[in-house]
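> Structure: query.cif, mmCIF, C-alpha atoms and all ligand atoms.
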data_model
#
loop_
_atom_site.label_atom_id
_atom_site.label_comp_id
_atom_site.auth_asym_id
_atom_site.auth_seq_id
_atom_site.Cartn_x
_atom_site.Cartn_y
_atom_site.Cartn_z
CA MET J 16 72.54 143.60 86.56
CA ASN J 17 74.03 145.63 89.39
CA LEU J 18 71.51 145.38 92.19
CA THR J 19 71.30 146.60 95.77
CA TYR J 20 70.34 144.19 98.52
CA ILE J 21 69.43 144.60 102.16
CA ALA J 22 70.26 141.77 104.57
CA THR J 23 68.13 142.37 107.64
CA ALA J 24 69.64 141.64 111.03
CA ALA J 25 68.38 141.34 114.59
CA MET J 26 69.35 144.34 116.68
CA GLY J 27 72.95 143.94 117.80
CA LEU J 28 73.91 141.44 115.08
CA GLU J 29 74.51 143.96 112.27
CA SER J 30 78.31 143.79 112.48
CA LEU J 31 78.26 139.98 112.31
CA VAL J 32 75.98 140.05 109.27
CA ALA J 33 78.27 142.67 107.65
CA HIS J 34 81.25 140.43 108.30
CA GLU J 35 79.50 137.53 106.59
CA VAL J 36 78.49 139.74 103.67
CA ARG J 37 82.09 140.91 103.20
CA ASP J 38 83.36 137.32 103.46
CA LEU J 39 81.11 136.43 100.52
CA GLY J 40 82.92 139.08 98.50
CA PHE J 41 80.06 141.55 97.99
CA GLU J 42 80.79 145.22 97.47
CA ASP J 43 79.83 148.61 98.91
CA VAL J 44 78.82 147.16 102.26
CA LYS J 45 77.03 149.66 104.51
CA VAL J 46 75.77 148.97 108.00
CA GLU J 47 72.65 150.63 109.43
CA ASN J 48 70.33 149.86 112.32
CA GLY J 49 68.92 146.40 111.73
CA LYS J 50 70.30 146.09 108.21
CA VAL J 51 73.36 145.60 106.04
CA ILE J 52 73.22 147.04 102.53
CA PHE J 53 75.39 145.63 99.76
CA LYS J 54 75.64 145.48 96.00
CA GLY J 55 75.94 142.57 93.62
CA ASP J 56 74.46 140.82 90.61
CA GLU J 57 71.86 138.05 90.47
CA SER J 58 74.32 135.51 91.81
CA ALA J 59 74.74 137.65 94.96
CA LEU J 60 71.01 137.15 95.61
CA CYS J 61 71.39 133.37 95.44
CA ARG J 62 74.67 133.19 97.36
CA SER J 63 73.57 135.54 100.15
CA ASN J 64 70.40 133.53 100.74
CA LEU J 65 72.30 130.27 100.73
CA TRP J 66 75.19 131.38 102.94
CA LEU J 67 74.17 134.08 105.42
CA ARG J 68 73.95 132.41 108.82
CA THR J 69 73.11 135.37 111.02
CA ALA J 70 70.83 137.50 108.77
CA ASP J 71 67.02 137.27 108.98
CA ARG J 72 66.28 137.70 105.27
CA VAL J 73 67.58 139.25 102.06
CA LYS J 74 65.56 141.95 100.32
CA LEU J 75 66.04 143.52 96.91
CA LEU J 76 66.06 147.31 97.10
CA VAL J 77 63.81 148.78 94.40
CA GLY J 78 63.91 152.42 95.53
CA GLU J 79 64.28 154.83 98.40
CA PHE J 80 62.93 158.39 98.63
CA LYS J 81 61.52 161.00 100.94
CA ALA J 82 57.70 160.92 101.19
CA GLU J 83 55.68 163.11 103.51
CA THR J 84 52.36 162.92 101.64
CA PHE J 85 50.38 160.13 99.99
CA ASP J 86 50.87 161.87 96.64
CA GLU J 87 54.64 161.81 97.01
CA LEU J 88 54.53 158.15 98.00
CA PHE J 89 52.30 157.30 95.03
CA GLU J 90 54.18 159.21 92.35
CA GLN J 91 57.65 158.12 93.39
CA THR J 92 56.59 154.48 93.79
CA LYS J 93 55.03 154.58 90.32
CA ALA J 94 58.29 155.92 88.89
CA LEU J 95 60.22 152.80 89.98
CA PRO J 96 60.95 149.95 87.51
CA TRP J 97 58.66 147.31 89.05
CA SER J 98 58.09 145.56 85.75
CA ASP J 99 61.84 144.86 85.52
CA PHE J 100 61.40 142.52 88.48
CA ILE J 101 57.75 141.42 88.58
CA PRO J 102 56.37 139.49 85.59
CA GLU J 103 52.81 139.91 84.37
CA ASN J 104 51.56 136.90 86.38
CA GLY J 105 53.63 137.62 89.53
CA GLU J 106 51.89 137.71 92.90
CA PHE J 107 52.83 140.96 94.64
CA PRO J 108 51.25 141.52 98.04
CA VAL J 109 52.41 144.64 99.88
CA ILE J 110 53.34 144.73 103.55
CA GLY J 111 54.44 147.82 105.43
CA LYS J 112 55.76 149.48 108.53
CA SER J 113 56.10 153.08 109.64
CA VAL J 114 58.35 154.55 112.33
CA LYS J 115 58.56 158.25 113.25
CA SER J 116 56.96 159.31 109.94
CA LYS J 117 54.15 161.64 108.88
CA LEU J 118 52.64 158.79 106.87
CA PHE J 119 51.80 156.63 109.86
CA SER J 120 48.80 154.70 108.58
CA VAL J 121 50.46 151.51 107.40
CA SER J 122 47.34 150.11 105.73
CA ASP J 123 46.91 153.31 103.65
CA CYS J 124 50.59 153.26 102.64
CA GLN J 125 50.26 149.62 101.56
CA ALA J 126 47.14 150.37 99.48
CA ILE J 127 48.83 153.35 97.80
CA VAL J 128 51.97 151.39 97.01
CA LYS J 129 49.90 148.55 95.58
CA LYS J 130 48.00 150.96 93.32
CA ALA J 131 51.20 152.67 92.18
CA VAL J 132 52.87 149.34 91.35
CA VAL J 133 49.78 148.20 89.45
CA ASP J 134 49.78 151.48 87.46
CA GLN J 135 53.46 151.17 86.56
CA MET J 136 52.99 147.55 85.51
CA LYS J 137 49.81 148.31 83.49
CA ASN J 138 51.78 150.84 81.48
CA ALA J 139 54.76 148.55 81.06
CA TYR J 140 52.72 145.49 80.07
CA GLN J 141 50.11 147.51 78.11
CA ARG J 142 47.36 145.95 80.15
CA GLU J 143 43.91 147.35 80.99
CA THR J 144 42.58 144.62 83.26
CA TRP J 145 43.58 143.21 86.66
CA PHE J 146 46.75 141.19 86.96
CA PRO J 147 46.05 137.49 87.62
CA GLU J 148 48.69 137.23 90.38
CA ASP J 149 48.83 133.46 90.00
CA GLY J 150 52.61 133.18 89.47
CA ALA J 151 55.67 133.34 91.72
CA LEU J 152 55.68 135.45 94.88
CA TYR J 153 57.27 138.92 94.91
CA ARG J 154 56.43 140.29 98.35
CA ILE J 155 56.81 144.05 98.37
CA GLU J 156 57.53 145.99 101.55
CA VAL J 157 57.11 149.71 102.11
CA ALA J 158 59.12 150.70 105.17
CA LEU J 159 58.89 154.30 106.35
CA LEU J 160 61.50 155.61 108.73
CA LYS J 161 61.66 159.33 109.51
CA ASP J 162 59.72 160.11 106.30
CA VAL J 163 62.05 158.09 104.08
CA ALA J 164 60.30 155.29 102.21
CA THR J 165 62.32 152.18 101.42
CA LEU J 166 60.70 149.89 98.86
CA THR J 167 61.94 146.34 98.66
CA ILE J 168 60.99 142.91 97.34
CA ASP J 169 61.68 139.98 99.65
CA THR J 170 63.93 137.36 98.04
CA SER J 171 64.00 134.82 100.88
CA GLY J 172 60.39 133.74 101.40
CA THR J 173 60.41 132.07 104.80
CA GLY J 174 62.91 133.78 107.14
CA LEU J 175 66.49 132.58 106.84
CA HIS J 176 66.39 131.13 110.36
CA LYS J 177 64.28 128.31 108.91
CA ARG J 178 67.06 126.06 107.68
CA GLY J 179 64.75 123.12 107.13
CA TYR J 180 66.10 120.79 109.81
CA ARG J 181 64.01 121.76 112.81
CA ALA J 182 60.72 120.03 112.17
CA LEU J 183 59.91 120.08 115.85
CA HIS J 184 61.10 122.45 118.49
CA SER J 185 61.35 122.85 122.22
CA GLU J 186 59.41 125.26 124.39
CA ALA J 187 61.93 128.10 124.24
CA PRO J 188 63.96 127.43 121.13
CA LEU J 189 66.67 129.80 120.05
CA LYS J 190 66.40 131.08 116.50
CA GLU J 191 68.94 129.33 114.29
CA THR J 192 70.30 132.73 113.22
CA MET J 193 70.90 133.69 116.87
CA ALA J 194 72.47 130.31 117.68
CA SER J 195 74.84 130.84 114.79
CA ALA J 196 75.63 134.36 116.02
CA LEU J 197 76.47 133.06 119.49
CA ILE J 198 78.99 130.67 117.95
CA LYS J 199 80.43 133.25 115.56
CA LEU J 200 81.03 135.59 118.49
CA THR J 201 83.51 133.08 119.92
CA ASN J 202 86.90 131.88 118.64
CA TRP J 203 85.75 128.27 118.43
CA THR J 204 87.33 126.29 115.59
CA PRO J 205 86.15 122.83 114.53
CA ASP J 206 89.24 121.14 115.98
CA LYS J 207 88.16 122.14 119.52
CA PRO J 208 85.64 120.33 121.75
CA PHE J 209 82.21 122.00 121.80
CA VAL J 210 79.52 121.49 124.45
CA ASP J 211 75.99 122.85 124.91
CA PRO J 212 74.76 121.56 128.30
CA PHE J 213 71.24 123.04 127.76
CA CYS J 214 70.74 121.87 124.19
CA GLY J 215 66.89 121.80 124.09
CA SER J 216 66.07 121.02 120.45
CA GLY J 217 69.78 120.98 119.54
CA THR J 218 69.96 124.30 117.70
CA ILE J 219 73.38 125.43 118.97
CA PRO J 220 75.19 122.09 118.41
CA ILE J 221 73.61 121.72 114.95
CA GLU J 222 74.61 125.25 113.92
CA ALA J 223 78.13 124.54 115.23
CA ALA J 224 78.35 121.39 113.11
CA MET J 225 77.24 123.37 110.06
CA ILE J 226 79.85 126.04 110.70
CA GLY J 227 82.48 123.40 111.47
CA GLN J 228 81.97 121.64 108.15
CA ASN J 229 81.37 124.84 106.20
CA VAL J 230 77.89 123.70 105.16
CA ALA J 231 75.78 126.53 103.72
CA PRO J 232 72.76 126.95 106.03
CA GLY J 233 70.36 127.32 103.09
CA LEU J 234 71.27 124.11 101.26
CA ASN J 235 68.31 122.22 102.74
CA ARG J 236 65.51 124.68 101.91
CA GLU J 237 63.83 126.74 99.24
CA PHE J 238 63.70 130.49 98.61
CA ALA J 239 60.91 132.60 97.09
CA SER J 240 63.29 133.97 94.46
CA GLU J 241 64.11 130.49 93.13
CA GLU J 242 60.88 130.85 91.16
CA TRP J 243 61.65 134.31 89.78
CA SER J 244 61.58 134.52 86.01
CA TRP J 245 64.47 136.98 85.55
CA ILE J 246 66.96 134.91 87.49
CA ASP J 247 68.38 132.27 85.21
CA LYS J 248 68.02 128.82 86.78
CA LYS J 249 71.71 128.31 85.99
CA VAL J 250 72.63 131.07 88.45
CA TRP J 251 70.88 129.20 91.25
CA TYR J 252 72.33 125.94 90.08
CA ARG J 253 75.86 127.34 90.14
CA ALA J 254 75.39 128.81 93.63
CA VAL J 255 74.16 125.45 94.96
CA GLU J 256 77.00 123.66 93.21
CA GLU J 257 79.51 126.05 94.78
CA ALA J 258 77.99 125.40 98.22
CA ASN J 259 78.20 121.65 97.65
CA ASP J 260 81.84 121.97 96.60
CA LEU J 261 82.78 124.07 99.62
CA ALA J 262 81.14 121.79 102.21
CA LYS J 263 83.72 119.74 104.07
CA TYR J 264 81.61 116.81 105.21
CA ASP J 265 84.67 114.88 106.32
CA THR J 266 85.87 117.45 108.89
CA PRO J 267 85.96 115.60 112.21
CA LEU J 268 83.95 117.28 114.95
CA ASP J 269 83.75 116.89 118.71
CA ILE J 270 80.33 118.37 119.48
CA GLN J 271 78.16 117.36 122.41
CA GLY J 272 74.69 118.44 123.50
CA SER J 273 73.05 117.53 126.78
CA ASP J 274 69.83 118.42 128.56
CA ILE J 275 68.09 117.38 131.75
CA ASP J 276 64.98 116.44 129.76
CA HIS J 277 65.11 113.17 127.81
CA LYS J 278 62.37 114.41 125.45
CA MET J 279 64.70 117.21 124.40
CA ILE J 280 67.44 114.70 123.70
CA GLU J 281 65.11 112.75 121.40
CA LEU J 282 64.19 115.99 119.66
CA SER J 283 67.83 116.99 119.25
CA ILE J 284 68.74 113.60 117.80
CA ASN J 285 65.90 113.87 115.27
CA ASN J 286 66.81 117.41 114.28
CA ALA J 287 70.52 116.59 113.97
CA GLU J 288 69.69 113.63 111.74
CA GLU J 289 67.40 115.80 109.64
CA ALA J 290 70.28 118.28 109.23
CA GLY J 291 72.64 115.48 108.20
CA PHE J 292 74.82 115.59 111.33
CA GLY J 293 73.44 112.53 113.13
CA GLU J 294 76.86 110.90 113.35
CA PHE J 295 78.78 114.07 114.20
CA ILE J 296 77.00 115.24 117.34
CA THR J 297 76.64 113.27 120.56
CA PHE J 298 73.53 113.95 122.62
CA LYS J 299 72.92 112.66 126.12
CA GLN J 300 70.55 113.28 128.99
CA MET J 301 72.42 114.93 131.84
CA GLN J 302 72.09 117.67 134.42
CA VAL J 303 74.58 120.47 134.05
CA ARG J 304 75.90 119.90 137.55
CA ASP J 305 77.13 116.45 136.50
CA PHE J 306 79.26 117.80 133.65
CA THR J 307 82.91 116.71 133.79
CA THR J 308 85.55 116.31 131.12
CA ARG J 309 89.23 115.51 130.73
CA LYS J 310 89.38 117.31 127.40
CA GLU J 311 91.14 120.65 127.15
CA TYR J 312 90.66 123.96 125.36
CA GLY J 313 86.98 123.32 124.73
CA TYR J 314 84.04 125.69 124.37
CA VAL J 315 80.76 125.70 126.26
CA ILE J 316 78.13 127.73 124.41
CA SER J 317 74.74 127.72 126.03
CA ASN J 318 71.27 129.18 126.38
CA PRO J 319 70.08 128.08 129.84
CA PRO J 320 66.64 128.89 131.25
CA TYR J 321 66.42 132.60 132.19
CA GLY J 322 64.08 132.17 135.16
CA GLU J 323 61.56 134.68 133.84
CA ARG J 324 58.55 132.55 134.61
CA ILE J 325 57.01 132.61 138.05
CA GLY J 326 58.16 129.68 140.13
CA GLU J 327 61.32 129.28 138.07
CA LYS J 328 63.36 132.05 139.70
CA GLU J 329 64.74 130.14 142.68
CA GLU J 330 65.43 127.05 140.61
CA VAL J 331 67.40 129.08 138.11
CA LYS J 332 69.50 130.66 140.86
CA GLN J 333 70.61 127.22 141.94
CA LEU J 334 71.15 126.23 138.32
CA TYR J 335 73.58 129.13 137.76
CA ARG J 336 75.45 128.22 140.96
CA ASP J 337 75.65 124.63 139.70
CA MET J 338 77.09 125.89 136.41
CA GLY J 339 79.75 127.87 138.26
CA ASN J 340 80.72 124.79 140.23
CA ALA J 341 80.75 122.48 137.21
CA PHE J 342 82.95 124.73 135.08
CA ARG J 343 85.23 126.24 137.76
CA SER J 344 88.05 123.74 137.43
CA LEU J 345 88.06 123.76 133.61
CA GLU J 346 90.74 126.42 133.27
CA THR J 347 91.40 125.83 129.61
CA TRP J 348 87.74 125.95 128.61
CA SER J 349 85.93 129.05 127.41
CA VAL J 350 82.35 129.40 128.62
CA TYR J 351 79.66 131.49 126.90
CA VAL J 352 76.19 131.98 128.35
CA ILE J 353 73.26 134.02 127.06
CA THR J 354 70.68 135.03 129.67
CA SER J 355 68.44 137.91 130.64
CA ASN J 356 69.14 137.27 134.32
CA GLU J 357 71.11 140.25 135.60
CA GLN J 358 72.36 138.32 138.63
CA PHE J 359 74.10 135.75 136.48
CA GLU J 360 77.69 136.68 137.31
CA GLN J 361 77.09 136.75 141.08
CA LEU J 362 75.36 133.38 141.00
CA TYR J 363 77.92 131.83 138.67
CA GLY J 364 80.56 133.10 141.03
CA ARG J 365 82.82 134.99 138.65
CA PRO J 366 82.72 138.22 136.65
CA ALA J 367 82.73 137.62 132.90
CA THR J 368 85.83 138.44 130.86
CA LYS J 369 83.52 140.25 128.45
CA LYS J 370 79.80 140.97 128.09
CA ARG J 371 77.77 141.86 125.04
CA LYS J 372 74.17 143.07 124.90
CA LEU J 373 71.96 141.05 122.59
CA TYR J 374 68.27 140.71 121.91
CA ASN J 375 66.95 137.17 121.93
CA GLY J 376 63.68 137.93 120.14
CA HIS J 377 62.24 140.68 122.29
CA ILE J 378 64.11 139.68 125.43
CA LYS J 379 67.00 141.90 126.41
CA THR J 380 69.90 139.63 127.28
CA ASP J 381 73.62 139.70 127.95
CA TYR J 382 76.10 137.31 126.41
CA TYR J 383 78.51 136.45 129.25
CA GLN J 384 81.91 135.39 127.96
CA TYR J 385 84.54 133.65 130.09
CA PHE J 386 87.79 133.15 128.21
CA GLY J 387 89.80 130.03 128.99
CA LYS J 388 93.59 129.83 129.10
CA ARG J 389 95.18 129.90 125.68
CA PRO J 390 96.91 126.76 124.40
CA PRO J 391 100.74 127.02 124.59
CA ARG J 392 102.39 128.13 121.36
CA SER J 393 103.89 125.17 119.60
C1 LIG J 401 66.14 127.86 126.91
S1 LIG J 401 66.11 126.15 126.72
C2 LIG J 401 67.35 125.85 125.49
C3 LIG J 401 66.79 125.91 124.10
C4 LIG J 401 67.76 125.49 123.04
N1 LIG J 401 68.85 126.45 122.87
C5 LIG J 401 67.01 125.32 121.73
O1 LIG J 401 67.30 126.04 120.76
O2 LIG J 401 66.11 124.48 121.66
C6 LIG J 401 66.86 125.58 128.19
C7 LIG J 401 66.99 124.08 128.32
O3 LIG J 401 67.66 123.80 129.55
C8 LIG J 401 67.19 122.55 130.04
N2 LIG J 401 67.53 122.47 131.50
C9 LIG J 401 66.90 123.02 132.55
N3 LIG J 401 67.54 122.73 133.69
C10 LIG J 401 68.63 121.99 133.38
C11 LIG J 401 69.71 121.40 134.12
N4 LIG J 401 69.78 121.50 135.43
N5 LIG J 401 70.66 120.73 133.43
C12 LIG J 401 70.59 120.60 132.08
N6 LIG J 401 69.59 121.12 131.33
C13 LIG J 401 68.63 121.81 131.96
C14 LIG J 401 65.71 122.56 129.72
O4 LIG J 401 65.21 121.23 129.63
C15 LIG J 401 65.68 123.31 128.38
O5 LIG J 401 65.63 122.42 127.30
#
What's the structure tokens form of this structure?


Amino acid sequence: MNLTYIATAAMGLESLVAHEVRDLGFEDVKVENGKVIFKGDESALCRSNLWLRTADRVKLLVGEFKAETFDELFEQTKALPWSDFIPENGEFPVIGKSVKSKLFSVSDCQAIVKKAVVDQMKNAYQRETWFPEDGALYRIEVALLKDVATLTIDTSGTGLHKRGYRALHSEAPLKETMASALIKLTNWTPDKPFVDPFCGSGTIPIEAAMIGQNVAPGLNREFASEEWSWIDKKVWYRAVEEANDLAKYDTPLDIQGSDIDHKMIELSINNAEEAGFGEFITFKQMQVRDFTTRKEYGYVISNPPYGERIGEKEEVKQLYRDMGNAFRSLETWSVYVITSNEQFEQLYGRPATKKRKLYNGHIKTDYYQYFGKRPPRS
């Protein structure tokens, strides 16, 4: 089957998601605000869920049309081939959102879509009574944007940031998808030293280890569409087998995480073990100002406190000065810092080589990038 998928992306990460989608070999890749659209068969559904590191989830596009009235929404939804995807016992709740559209009542849109899907399926399955909805989950979404309705079924289940290794998390954890994006925005390669001096629950070092050993981020978890009747179990099996074959568990890594808080170090160690990287990442309790190294051409990628909470502001100013002092002499190292603090460069003591606007959840941040000296050509 030739199907259309939508990989949703946090604002600002669309081009990274598109890059990943192209790397997986999928066709007709289109980038829009917050999403990357691509085409593929059933195996693309499995592979995209297993491999996409920076996307939030993968949705199956069922239809897209203009709808300015409830009648238009109902009739056009009913005309879509729902029964091709949802079996008679499938559970199909409907969620919705509406932006800049005449149909602004989301709950009404959801109810109308539900009724239209039920009608289409009653015809297709020749059924008079209610559907039992006691089977696998096919979560439908009706998303209205400027009067265009996009109808999708979610294939991922839990968001793709849930890799399955972070049982416990710190107070201000970074989403795994964002941690991965921060790494992918650098030129780090697994042969180079990697340090996160504010590792919290260990998300950035763990994502780096996964990238370094080419481990598919979804290998440790389940997806809603694994239970779908029209996707042959063999297709999933082959995708998992491919991921297992491509993982390079013997790639040596030099990844270190540190944090001032020993509880965070315990958490990081647990999470890294859960992810299977216990022996590949070194964690230690340390203040950033004590960081020293004799290694060269390394990468610091970090998510320090932003100082947004009252009482934290002054402390964070000193922290950024400490960072500047600790990294100043490391000419060959590249340093990457995400923060919402607009005074970062002044406090750190140097203007960044490059800056990129990113949203960390709802917080507007900048990704400050300081490029180190390049290694000499051999
Ligand atoms: C925003 S959190 C990092 C969250 C982490 N990226 C994660 O995903 O869990 C910032 C971390 O910096 C640590 N921290 C605060 N001051 C520090 C200092 N002076 N040196 C090292 N770590 C510090 C805190 O304990 C906290 O865990």

> Given all atoms listed in the file as the basis, pick out the residue of J:Asp134, J:Glu327, J:Glu42, J:Asp149 nearest to Glu90 in chain J.

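Ranked by minimum distance to Glu90 in chain J, first place goes to J:Asp134.
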
> For Phe89 in chain J, work out the shell of residues within 10 Å, counting all atoms listed in the file and skipping chain neighbours fewer than 4 positions away, then give it as a ChimeraX atom specification.

/J:82,84-85,93-94,124,126-132,134

> How far is it from CA of Ile110 in chain J to CA of Glu156 in chain J, in Å with one decimal?

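According to the coordinates, CA of Ile110 in chain J and CA of Glu156 in chain J are separated by 4.8 Å.
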
> Hey, which bits of chain J sit within 7 Å of ligand LIG 401 (chain J), and for each residue what's the closest pair of atoms and how far apart in Å (one decimal), counting all atoms listed in the file, rows by chain and increasing number, as a Markdown table?


| residue | atom | partner | partner_atom | distance |
| --- | --- | --- | --- | --- |
| J:His184 | CA | J:LIG401 | O2 | 6.3 |
| J:Ser185 | CA | J:LIG401 | O2 | 5.1 |
| J:Ala187 | CA | J:LIG401 | C1 | 5.0 |
| J:Pro188 | CA | J:LIG401 | O1 | 3.6 |
| J:Leu189 | CA | J:LIG401 | O1 | 3.9 |
| J:Lys190 | CA | J:LIG401 | O1 | 6.7 |
| J:Pro212 | CA | J:LIG401 | C12 | 5.7 |
| J:Phe213 | CA | J:LIG401 | O3 | 4.1 |
| J:Cys214 | CA | J:LIG401 | C4 | 4.8 |
| J:Gly215 | CA | J:LIG401 | O5 | 3.5 |
| J:Ser216 | CA | J:LIG401 | O2 | 3.7 |
| J:Gly217 | CA | J:LIG401 | O2 | 5.5 |
| J:Thr218 | CA | J:LIG401 | O1 | 4.4 |
| J:Ile219 | CA | J:LIG401 | N1 | 6.1 |
| J:Ser273 | CA | J:LIG401 | C12 | 6.6 |
| J:Asp274 | CA | J:LIG401 | N6 | 3.9 |
| J:Ile275 | CA | J:LIG401 | N6 | 4.1 |
| J:Asp276 | CA | J:LIG401 | O4 | 4.8 |
| J:Met279 | CA | J:LIG401 | O5 | 6.0 |
| J:Met301 | CA | J:LIG401 | C12 | 6.0 |
| J:Gln302 | CA | J:LIG401 | N5 | 3.5 |
| J:Val303 | CA | J:LIG401 | N5 | 4.0 |
| J:Arg304 | CA | J:LIG401 | N4 | 6.7 |
| J:Ser317 | CA | J:LIG401 | N1 | 6.8 |
| J:Asn318 | CA | J:LIG401 | N1 | 5.1 |
| J:Pro319 | CA | J:LIG401 | C6 | 4.4 |
| J:Pro320 | CA | J:LIG401 | C1 | 4.5 |
| J:Leu334 | CA | J:LIG401 | N4 | 5.7 |

> Output C-alpha atoms of each residue in that selection to a file, as a PDB file, in the frame of the given file.


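File written: part00.pdb
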ATOM      1  CA  HIS J 184      61.100 122.450 118.490  1.00  0.00           C
ATOM      2  CA  SER J 185      61.350 122.850 122.220  1.00  0.00           C
ATOM      3  CA  ALA J 187      61.930 128.100 124.240  1.00  0.00           C
ATOM      4  CA  PRO J 188      63.960 127.430 121.130  1.00  0.00           C
ATOM      5  CA  LEU J 189      66.670 129.800 120.050  1.00  0.00           C
ATOM      6  CA  LYS J 190      66.400 131.080 116.500  1.00  0.00           C
ATOM      7  CA  PRO J 212      74.760 121.560 128.300  1.00  0.00           C
ATOM      8  CA  PHE J 213      71.240 123.040 127.760  1.00  0.00           C
ATOM      9  CA  CYS J 214      70.740 121.870 124.190  1.00  0.00           C
ATOM     10  CA  GLY J 215      66.890 121.800 124.090  1.00  0.00           C
ATOM     11  CA  SER J 216      66.070 121.020 120.450  1.00  0.00           C
ATOM     12  CA  GLY J 217      69.780 120.980 119.540  1.00  0.00           C
ATOM     13  CA  THR J 218      69.960 124.300 117.700  1.00  0.00           C
ATOM     14  CA  ILE J 219      73.380 125.430 118.970  1.00  0.00           C
ATOM     15  CA  SER J 273      73.050 117.530 126.780  1.00  0.00           C
ATOM     16  CA  ASP J 274      69.830 118.420 128.560  1.00  0.00           C
ATOM     17  CA  ILE J 275      68.090 117.380 131.750  1.00  0.00           C
ATOM     18  CA  ASP J 276      64.980 116.440 129.760  1.00  0.00           C
ATOM     19  CA  MET J 279      64.700 117.210 124.400  1.00  0.00           C
ATOM     20  CA  MET J 301      72.420 114.930 131.840  1.00  0.00           C
ATOM     21  CA  GLN J 302      72.090 117.670 134.420  1.00  0.00           C
ATOM     22  CA  VAL J 303      74.580 120.470 134.050  1.00  0.00           C
ATOM     23  CA  ARG J 304      75.900 119.900 137.550  1.00  0.00           C
ATOM     24  CA  SER J 317      74.740 127.720 126.030  1.00  0.00           C
ATOM     25  CA  ASN J 318      71.270 129.180 126.380  1.00  0.00           C
ATOM     26  CA  PRO J 319      70.080 128.080 129.840  1.00  0.00           C
ATOM     27  CA  PRO J 320      66.640 128.890 131.250  1.00  0.00           C
ATOM     28  CA  LEU J 334      71.150 126.230 138.320  1.00  0.00           C
TER      29      LEU J 334
END

> Counting only C-alpha atoms, I want the residues whose atoms come within 12 Å of (52.2, 137.9, 99.0) in the file frame, returned as a list in words.

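Residues with an atom close enough to that point: Gly105, Glu106, Phe107, Pro108, Val109, Ile110, Lys129, Glu148, Asp149, Gly150, Ala151, Leu152, Tyr153, Arg154, Ile155, Glu156, Ile168, Asp169, Thr170, Gly172, Thr173 and Ala239 of chain J.
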
> May I have the selected residues written with C-alpha atoms, as a compact mmCIF listing (two decimals), in the frame of the given file?


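Saved to selection-v4.txt:
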# COMPACT_ATOMS: atom_id res chain seq x y z
CA GLY J 105 53.63 137.62 89.53
CA GLU J 106 51.89 137.71 92.90
CA PHE J 107 52.83 140.96 94.64
CA PRO J 108 51.25 141.52 98.04
CA VAL J 109 52.41 144.64 99.88
CA ILE J 110 53.34 144.73 103.55
CA LYS J 129 49.90 148.55 95.58
CA GLU J 148 48.69 137.23 90.38
CA ASP J 149 48.83 133.46 90.00
CA GLY J 150 52.61 133.18 89.47
CA ALA J 151 55.67 133.34 91.72
CA LEU J 152 55.68 135.45 94.88
CA TYR J 153 57.27 138.92 94.91
CA ARG J 154 56.43 140.29 98.35
CA ILE J 155 56.81 144.05 98.37
CA GLU J 156 57.53 145.99 101.55
CA ILE J 168 60.99 142.91 97.34
CA ASP J 169 61.68 139.98 99.65
CA THR J 170 63.93 137.36 98.04
CA GLY J 172 60.39 133.74 101.40
CA THR J 173 60.41 132.07 104.80
CA ALA J 239 60.91 132.60 97.09

> Near range 369-383 of chain J, counting only C-alpha atoms, which residues have an atom at most 7 Å away, once you skip same-chain residues fewer than 3 positions from it, shown as a VMD selection string?

chain J and resid 26 to 27 351 to 355

> Around the point (76.4, 127.8, 93.7), in the coordinates given by the file, pick out the residues reaching within 12 Å, counting all atoms listed in the file, and return them as a ChimeraX atom specification.

/J:39,57-66,231,233-234,248-262

> With distances taken over only C-alpha atoms, which residue among J:Leu159, J:Leu75, J:Ala367, J:Val315 lies nearest Asn17 in chain J?

J:Leu75

> Find the distance between CA of Asp56 in chain J and CA of Ala70 in chain J and write it in Å to one decimal.

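CA of Ala70 in chain J lies 18.8 Å from CA of Asp56 in chain J.
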
> Would you compute the distance between CA of Leu166 in chain J and CA of Ala196 in chain J? Give it in Å to one decimal.

27.5 Å

> Using all atoms listed in the file, which of the listed residues (J:Met136, J:Ile21, J:Val73, J:Met16) sits closest to Gly55 in chain J?

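Smallest distance to Gly55 in chain J is found for J:Met16.
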
> With distances taken over all atoms listed in the file, which residue among J:His277, J:Gln141, J:Ser122, J:Val331 lies nearest Glu103 in chain J?

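Under the stated criterion, the closest residue is J:Gln141.
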
> Quick one: everything within 9 Å of range 30-35 of chain J, counting only C-alpha atoms, minus sequence neighbours fewer than 2 positions away in the same chain. Send it as number ranges by chain.

J: 22-24, 27-28, 37-40, 44-46, 50-53, 63, 66-70, 196, 199-200

> Pick the closest to Thr308 in chain J from J:Phe209, J:Pro391, J:Trp245, J:Val230: which is it, counting all atoms listed in the file?

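Under the stated criterion, the closest residue is J:Phe209.
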
> From the list J:Val114, J:Lys388, J:Leu362, J:Glu242, which residue is nearest Phe100 in chain J when using only C-alpha atoms?

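The answer is J:Glu242, which sits nearest to Phe100 in chain J.
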
> Can we get range 113-124 of chain J of that structure written down with C-alpha atoms, as an mmCIF file, in the first residue's frame?


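Final output, saved to decode-v8.cif:
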data_model
loop_
_atom_site.group_PDB
_atom_site.id
_atom_site.type_symbol
_atom_site.label_atom_id
_atom_site.label_comp_id
_atom_site.auth_asym_id
_atom_site.auth_seq_id
_atom_site.Cartn_x
_atom_site.Cartn_y
_atom_site.Cartn_z
ATOM 1 C CA SER J 113 -8.681 23.940 15.635
ATOM 2 C CA VAL J 114 -6.592 26.957 14.665
ATOM 3 C CA LYS J 115 -7.860 29.987 12.701
ATOM 4 C CA SER J 116 -10.898 28.055 11.413
ATOM 5 C CA LYS J 117 -14.642 28.670 11.188
ATOM 6 C CA LEU J 118 -15.230 25.331 12.890
ATOM 7 C CA PHE J 119 -13.700 26.324 16.203
ATOM 8 C CA SER J 120 -15.624 24.111 18.619
ATOM 9 C CA VAL J 121 -13.231 21.205 18.978
ATOM 10 C CA SER J 122 -15.655 19.019 20.939
ATOM 11 C CA ASP J 123 -18.323 19.389 18.211
ATOM 12 C CA CYS J 124 -15.788 18.571 15.481
#
